[in-house]
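Visitor: Sending over protein_35.tsv (TSV, C-alpha atoms).
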```tsv
chain	number	residue	atom	x	y	z
A	1	GLY	CA	104.62	-108.83	-117.83
A	2	ALA	CA	104.01	-110.91	-120.99
A	3	VAL	CA	105.08	-114.26	-119.60
A	4	VAL	CA	104.47	-117.50	-121.47
A	5	SER	CA	104.98	-120.85	-119.81
A	6	GLN	CA	105.24	-124.35	-121.23
A	7	HIS	CA	104.74	-127.70	-119.60
A	8	PRO	CA	106.48	-130.05	-119.47
A	9	SER	CA	109.97	-128.67	-120.04
A	10	ARG	CA	111.28	-132.09	-121.00
A	11	VAL	CA	109.54	-135.31	-121.91
A	12	ILE	CA	110.76	-138.74	-122.91
A	13	CYS	CA	108.32	-141.18	-124.41
A	14	LYS	CA	108.24	-144.46	-126.25
A	15	SER	CA	107.65	-144.65	-129.96
A	16	GLY	CA	103.96	-144.91	-130.78
A	17	THR	CA	102.69	-143.01	-127.76
A	18	SER	CA	101.11	-139.54	-127.74
A	19	VAL	CA	102.49	-136.55	-125.92
A	20	LYS	CA	100.67	-133.35	-124.95
A	21	ILE	CA	102.49	-130.05	-124.48
A	22	GLU	CA	100.76	-127.10	-122.82
A	23	CYS	CA	101.40	-123.45	-123.53
A	24	ARG	CA	99.99	-120.81	-121.20
A	25	SER	CA	100.01	-117.02	-121.25
A	26	LEU	CA	100.27	-116.10	-117.58
A	27	ASP	CA	99.49	-112.38	-117.51
A	28	PHE	CA	97.79	-111.52	-120.77
A	29	GLN	CA	95.11	-112.83	-123.08
A	30	ALA	CA	96.62	-114.62	-126.03
A	31	THR	CA	94.29	-114.23	-128.96
A	32	THR	CA	96.83	-115.90	-131.21
A	33	MET	CA	99.32	-118.60	-130.36
A	34	PHE	CA	102.02	-120.09	-132.54
A	35	TRP	CA	103.82	-123.41	-132.37
A	36	TYR	CA	107.38	-123.78	-133.59
A	37	ARG	CA	109.80	-126.63	-133.92
A	38	GLN	CA	113.55	-126.18	-133.67
A	39	PHE	CA	116.24	-128.71	-134.48
A	40	PRO	CA	119.75	-128.34	-133.02
A	41	LYS	CA	121.66	-125.34	-134.36
A	42	GLN	CA	118.79	-124.43	-136.67
A	43	SER	CA	116.25	-121.66	-136.84
A	44	LEU	CA	112.67	-121.82	-135.65
A	45	MET	CA	110.25	-123.45	-138.03
A	46	LEU	CA	106.62	-122.38	-137.70
A	47	MET	CA	104.30	-125.37	-137.51
A	48	ALA	CA	100.92	-123.74	-137.01
A	49	THR	CA	99.01	-120.65	-135.99
A	50	SER	CA	95.97	-120.88	-133.74
A	51	ASN	CA	93.39	-118.30	-132.82
A	52	GLU	CA	91.29	-118.78	-129.72
A	53	GLY	CA	88.18	-120.77	-130.50
A	54	SER	CA	89.17	-121.50	-134.08
A	55	LYS	CA	90.86	-124.34	-135.87
A	56	ALA	CA	94.59	-124.04	-136.25
A	57	THR	CA	96.18	-123.10	-139.55
A	58	TYR	CA	99.05	-125.43	-140.38
A	59	GLU	CA	102.11	-124.57	-142.42
A	60	GLN	CA	102.79	-126.49	-145.58
A	61	GLY	CA	104.28	-129.89	-144.90
A	62	VAL	CA	103.06	-130.13	-141.30
A	63	GLU	CA	100.72	-133.06	-140.73
A	64	LYS	CA	97.62	-131.77	-138.98
A	65	ASP	CA	96.55	-135.26	-137.93
A	66	LYS	CA	99.90	-135.86	-136.29
A	67	PHE	CA	100.27	-132.51	-134.56
A	68	LEU	CA	96.93	-131.70	-132.97
A	69	ILE	CA	96.55	-128.14	-131.76
A	70	ASN	CA	93.81	-126.89	-129.49
A	71	HIS	CA	93.38	-123.26	-128.42
A	72	ALA	CA	90.28	-123.50	-126.29
A	73	SER	CA	90.85	-120.45	-124.09
A	74	LEU	CA	92.62	-117.10	-124.21
A	75	THR	CA	95.38	-118.40	-121.96
A	76	LEU	CA	95.93	-121.98	-123.03
A	77	SER	CA	96.95	-123.80	-126.17
A	78	THR	CA	97.98	-127.43	-126.40
A	79	LEU	CA	100.03	-129.37	-128.93
A	80	THR	CA	99.56	-133.12	-129.00
A	81	VAL	CA	102.09	-135.18	-130.91
A	82	THR	CA	100.20	-138.34	-131.82
A	83	SER	CA	101.90	-141.67	-132.38
A	84	ALA	CA	105.28	-140.10	-131.83
A	85	HIS	CA	108.33	-141.49	-133.60
A	86	PRO	CA	112.05	-140.85	-133.07
A	87	GLU	CA	112.09	-138.34	-135.93
A	88	ASP	CA	109.61	-136.21	-133.94
A	89	SER	CA	112.29	-135.65	-131.32
A	90	SER	CA	112.87	-131.92	-131.26
A	91	PHE	CA	112.55	-128.69	-129.28
A	92	TYR	CA	108.97	-127.41	-129.42
A	93	ILE	CA	108.37	-123.76	-128.63
A	94	CYS	CA	105.14	-121.82	-128.42
A	95	SER	CA	104.62	-118.10	-128.64
A	96	ALA	CA	101.66	-115.86	-127.99
A	97	ARG	CA	100.46	-112.41	-128.89
A	98	THR	CA	97.45	-110.36	-127.92
A	99	GLY	CA	94.97	-108.47	-130.06
A	100	GLY	CA	96.41	-106.85	-133.14
A	101	LYS	CA	99.86	-106.35	-131.65
A	102	GLU	CA	102.84	-107.74	-133.53
A	103	THR	CA	105.00	-108.67	-130.55
A	104	GLN	CA	105.22	-112.38	-129.92
A	105	TYR	CA	106.30	-113.64	-126.53
A	106	PHE	CA	107.91	-117.04	-126.46
A	107	GLY	CA	107.67	-119.85	-123.99
A	108	PRO	CA	110.77	-121.61	-122.62
A	109	GLY	CA	110.34	-124.59	-124.92
A	110	THR	CA	109.74	-128.31	-124.45
A	111	ARG	CA	112.40	-130.87	-125.28
A	112	LEU	CA	110.79	-134.03	-126.67
A	113	LEU	CA	112.78	-137.23	-126.96
A	114	VAL	CA	111.07	-140.22	-128.55
A	115	LEU	CA	112.80	-143.54	-127.96
B	1	GLN	CA	110.24	-113.73	-151.37
B	2	GLN	CA	109.20	-114.69	-147.84
B	3	GLN	CA	112.78	-115.33	-146.78
B	4	VAL	CA	114.89	-113.35	-144.39
B	5	LYS	CA	118.60	-113.93	-144.94
B	6	GLN	CA	120.86	-113.53	-141.93
B	7	SER	CA	124.63	-113.33	-141.73
B	8	PRO	CA	127.12	-114.24	-140.46
B	9	GLN	CA	126.29	-117.73	-139.24
B	10	SER	CA	128.72	-117.33	-136.33
B	11	LEU	CA	130.73	-114.53	-134.83
B	12	ILE	CA	133.48	-114.28	-132.24
B	13	VAL	CA	134.43	-110.98	-130.63
B	14	GLN	CA	136.43	-109.88	-127.65
B	15	LYS	CA	134.74	-108.37	-124.62
B	16	GLY	CA	133.97	-104.73	-125.31
B	17	GLY	CA	133.78	-105.27	-129.07
B	18	ILE	CA	130.77	-104.38	-131.22
B	19	PRO	CA	129.38	-107.42	-133.03
B	20	ILE	CA	127.19	-106.62	-136.01
B	21	ILE	CA	124.61	-109.04	-137.38
B	22	ASN	CA	122.97	-108.37	-140.71
B	23	CYS	CA	119.64	-109.35	-142.23
B	24	ALA	CA	118.14	-108.80	-145.66
B	25	TYR	CA	114.64	-109.32	-147.00
B	26	GLU	CA	112.80	-109.14	-150.31
B	27	ASN	CA	109.15	-108.72	-149.42
B	28	THR	CA	108.42	-104.99	-149.17
B	29	ALA	CA	105.17	-105.78	-147.36
B	30	PHE	CA	107.17	-106.64	-144.23
B	31	ASP	CA	106.67	-103.84	-141.72
B	32	TYR	CA	107.81	-105.18	-138.37
B	33	PHE	CA	111.34	-106.38	-137.69
B	34	PRO	CA	112.17	-107.86	-134.27
B	35	TRP	CA	115.39	-109.35	-132.98
B	36	TYR	CA	115.39	-112.26	-130.59
B	37	GLN	CA	118.10	-113.65	-128.32
B	38	GLN	CA	118.16	-117.33	-127.49
B	39	PHE	CA	120.30	-119.15	-124.95
B	40	PRO	CA	120.86	-122.92	-125.27
B	41	GLY	CA	117.83	-124.90	-124.18
B	42	LYS	CA	115.67	-121.78	-123.74
B	43	GLY	CA	113.00	-120.05	-125.76
B	44	PRO	CA	113.79	-116.87	-127.71
B	45	ALA	CA	113.46	-113.57	-125.88
B	46	LEU	CA	112.55	-110.32	-127.63
B	47	LEU	CA	115.46	-107.88	-127.59
B	48	ILE	CA	114.36	-104.97	-129.71
B	49	ALA	CA	112.12	-104.32	-132.70
B	50	ILE	CA	111.80	-101.66	-135.38
B	51	ARG	CA	109.36	-100.48	-138.03
B	52	PRO	CA	110.43	-99.31	-141.50
B	53	ASP	CA	109.58	-95.66	-140.84
B	54	VAL	CA	112.53	-95.42	-138.44
B	55	SER	CA	116.19	-95.69	-139.50
B	56	GLU	CA	117.62	-96.47	-136.08
B	57	LYS	CA	116.42	-97.60	-132.69
B	58	LYS	CA	118.44	-98.02	-129.54
B	59	GLU	CA	117.60	-99.87	-126.35
B	60	GLY	CA	120.39	-100.09	-123.84
B	61	ARG	CA	123.42	-101.62	-125.54
B	62	PHE	CA	121.39	-102.92	-128.49
B	63	THR	CA	120.86	-100.85	-131.63
B	64	ILE	CA	118.97	-101.68	-134.80
B	65	SER	CA	119.92	-99.89	-138.00
B	66	PHE	CA	117.36	-100.05	-140.78
B	67	ASN	CA	117.89	-99.30	-144.46
B	68	LYS	CA	114.53	-99.39	-146.19
B	69	SER	CA	115.82	-98.77	-149.71
B	70	ALA	CA	118.35	-101.58	-149.43
B	71	LYS	CA	115.88	-103.82	-147.61
B	72	GLN	CA	118.43	-104.54	-144.93
B	73	PHE	CA	118.61	-104.19	-141.19
B	74	SER	CA	121.26	-104.96	-138.65
B	75	LEU	CA	121.80	-105.44	-134.93
B	76	HIS	CA	124.74	-103.83	-133.16
B	77	ILE	CA	125.69	-104.82	-129.62
B	78	MET	CA	127.71	-102.12	-127.91
B	79	ASP	CA	130.32	-102.96	-125.29
B	80	SER	CA	129.63	-106.67	-125.68
B	81	GLN	CA	129.97	-108.90	-122.64
B	82	PRO	CA	130.53	-112.67	-122.22
B	83	GLY	CA	126.91	-112.85	-121.02
B	84	ASP	CA	125.81	-111.75	-124.49
B	85	SER	CA	127.07	-115.07	-125.89
B	86	ALA	CA	123.92	-116.56	-127.41
B	87	THR	CA	122.17	-117.15	-130.72
B	88	TYR	CA	120.50	-114.14	-132.27
B	89	PHE	CA	117.63	-114.29	-134.72
B	90	CYS	CA	116.21	-111.53	-136.86
B	91	ALA	CA	112.64	-111.82	-138.05
B	92	ALA	CA	110.02	-110.02	-140.10
B	93	SER	CA	106.27	-109.94	-140.28
B	94	ILE	CA	103.42	-108.16	-142.00
B	95	ARG	CA	101.09	-106.04	-139.88
B	96	GLY	CA	97.48	-107.01	-140.08
B	97	ASN	CA	98.38	-110.43	-141.34
B	98	THR	CA	98.31	-113.50	-139.14
B	99	GLY	CA	101.30	-112.05	-137.31
B	100	LYS	CA	103.40	-114.89	-138.62
B	101	LEU	CA	107.11	-114.23	-138.10
B	102	ILE	CA	109.62	-115.20	-140.75
B	103	PHE	CA	112.92	-115.94	-139.03
B	104	GLY	CA	116.45	-115.59	-140.27
B	105	GLN	CA	118.84	-118.50	-139.99
B	106	GLY	CA	120.40	-117.32	-136.74
B	107	THR	CA	123.85	-116.10	-135.68
B	108	THR	CA	125.78	-117.72	-132.88
B	109	LEU	CA	127.76	-115.08	-131.03
B	110	GLN	CA	130.65	-115.80	-128.71
B	111	VAL	CA	132.09	-112.97	-126.66
B	112	LYS	CA	135.49	-113.86	-125.26
B	113	PRO	CA	136.50	-112.47	-121.86
```
Please render this file's structure as structure tokens.

Guide:
Amino acid sequence: GAVVSQHPSRVICKSGTSVKIECRSLDFQATTMFWYRQFPKQSLMLMATSNEGSKATYEQGVEKDKFLINHASLTLSTLTVTSAHPEDSSFYICSARTGGKETQYFGPGTRLLVL
Amino acid sequence: QQQVKQSPQSLIVQKGGIPIINCAYENTAFDYFPWYQQFPGKGPALLIAIRPDVSEKKEGRFTISFNKSAKQFSLHIMDSQPGDSATYFCAASIRGNTGKLIFGQGTTLQVKP
């Protein structure tokens, strides 16, 4: 149980285009989802926290207009990177938890390369 | 005060050895401490987690030792195998809060055959 999927697993896009990444909880209801960014050989950096049906809460320094997060249902959250640039190239990982439980289950990640 | 400091940055052991990874924190409000294992190109997977009211927890070959007074906790991997070669992250969070995890810097473990 507690499986989180992400789609796509890899995406290459041109600079200036927008990219949408989906995060799904397959066998539980994710009341809270988190989006992280990870650069090579570095730790996970939390970008934002989203609760189902509410606006996302962004961490300091993360541009909310550039990284649009939608958590419209208890099983789906999306991250849209708008007007992507090469510096947005990274590994994006989502996680999800249910109710008041602390355990976060992570997705497999999405590798974004912006040319 | 929100930081979790993890050491060492990298670790090499022989098969069968017991690698130990250490983490330290300052915020005494932290009350949930998970460890995650991450293979290259994959998302982190939860290994084991502990709360501060317990000094030790064991699951299979993985053991967490927790020292509340020192504000430190560590991961021990018994009888390590080459398949354990991965990056390990400690983390901490505050119950009842947003559930936000504060991650350590990560430790890259290599287990030699």

Visitor: In terms of the shortest atom-to-atom distance over only C-alpha atoms, which of A:Ser83, A:Glu102, A:Arg10, A:Gly53 is closest to Asp65 of chain A?

Guide: A:Ser83

Visitor: Counting all atoms listed in the file, find the residues whose atoms lie at most 12 Å from (109.4, -138.8, -118.3) (file coordinates) and write them out as a list in words.

Guide: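 Neighbouring residues, ordered by chain and number, come to Pro8, Ser9, Arg10, Val11, Ile12, Cys13, Lys14, Val19, Arg111, Leu112, Leu113, Val114 and Leu115 of chain A.
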
Visitor: If you keep C-alpha atoms, can you produce a file of those selected residues as an mmCIF file, in the frame of the given file?

Guide:
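Contents of again-v5.cif, as written:
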```cif
data_model
loop_
_atom_site.group_PDB
_atom_site.id
_atom_site.type_symbol
_atom_site.label_atom_id
_atom_site.label_comp_id
_atom_site.auth_asym_id
_atom_site.auth_seq_id
_atom_site.Cartn_x
_atom_site.Cartn_y
_atom_site.Cartn_z
ATOM 1 C CA PRO A 8 106.480 -130.050 -119.470
ATOM 2 C CA SER A 9 109.970 -128.670 -120.040
ATOM 3 C CA ARG A 10 111.280 -132.090 -121.000
ATOM 4 C CA VAL A 11 109.540 -135.310 -121.910
ATOM 5 C CA ILE A 12 110.760 -138.740 -122.910
ATOM 6 C CA CYS A 13 108.320 -141.180 -124.410
ATOM 7 C CA LYS A 14 108.240 -144.460 -126.250
ATOM 8 C CA VAL A 19 102.490 -136.550 -125.920
ATOM 9 C CA ARG A 111 112.400 -130.870 -125.280
ATOM 10 C CA LEU A 112 110.790 -134.030 -126.670
ATOM 11 C CA LEU A 113 112.780 -137.230 -126.960
ATOM 12 C CA VAL A 114 111.070 -140.220 -128.550
ATOM 13 C CA LEU A 115 112.800 -143.540 -127.960
#
```

Visitor: As an exercise, work out the distance from atom CA of Asp53 of chain B to atom CA of Phe33 of chain B in Å and give it to one decimal place.

Guide: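 For atom CA of Asp53 of chain B relative to atom CA of Phe33 of chain B, the distance reads 11.3 Å.
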
Visitor: Nearest to chain A: which of B:Gln110, B:Thr98, B:Asn27, B:Ser10 is it, counting all atoms listed in the file?

Guide: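 Nearest to chain A: B:Thr98.
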
Visitor: Which residues are near Glu59 of chain A? Cut-off 9 Å, only C-alpha atoms, ignore same chain within fewer than 4 positions. Put them as a ChimeraX atom specification.

Guide: /A:46-49,63
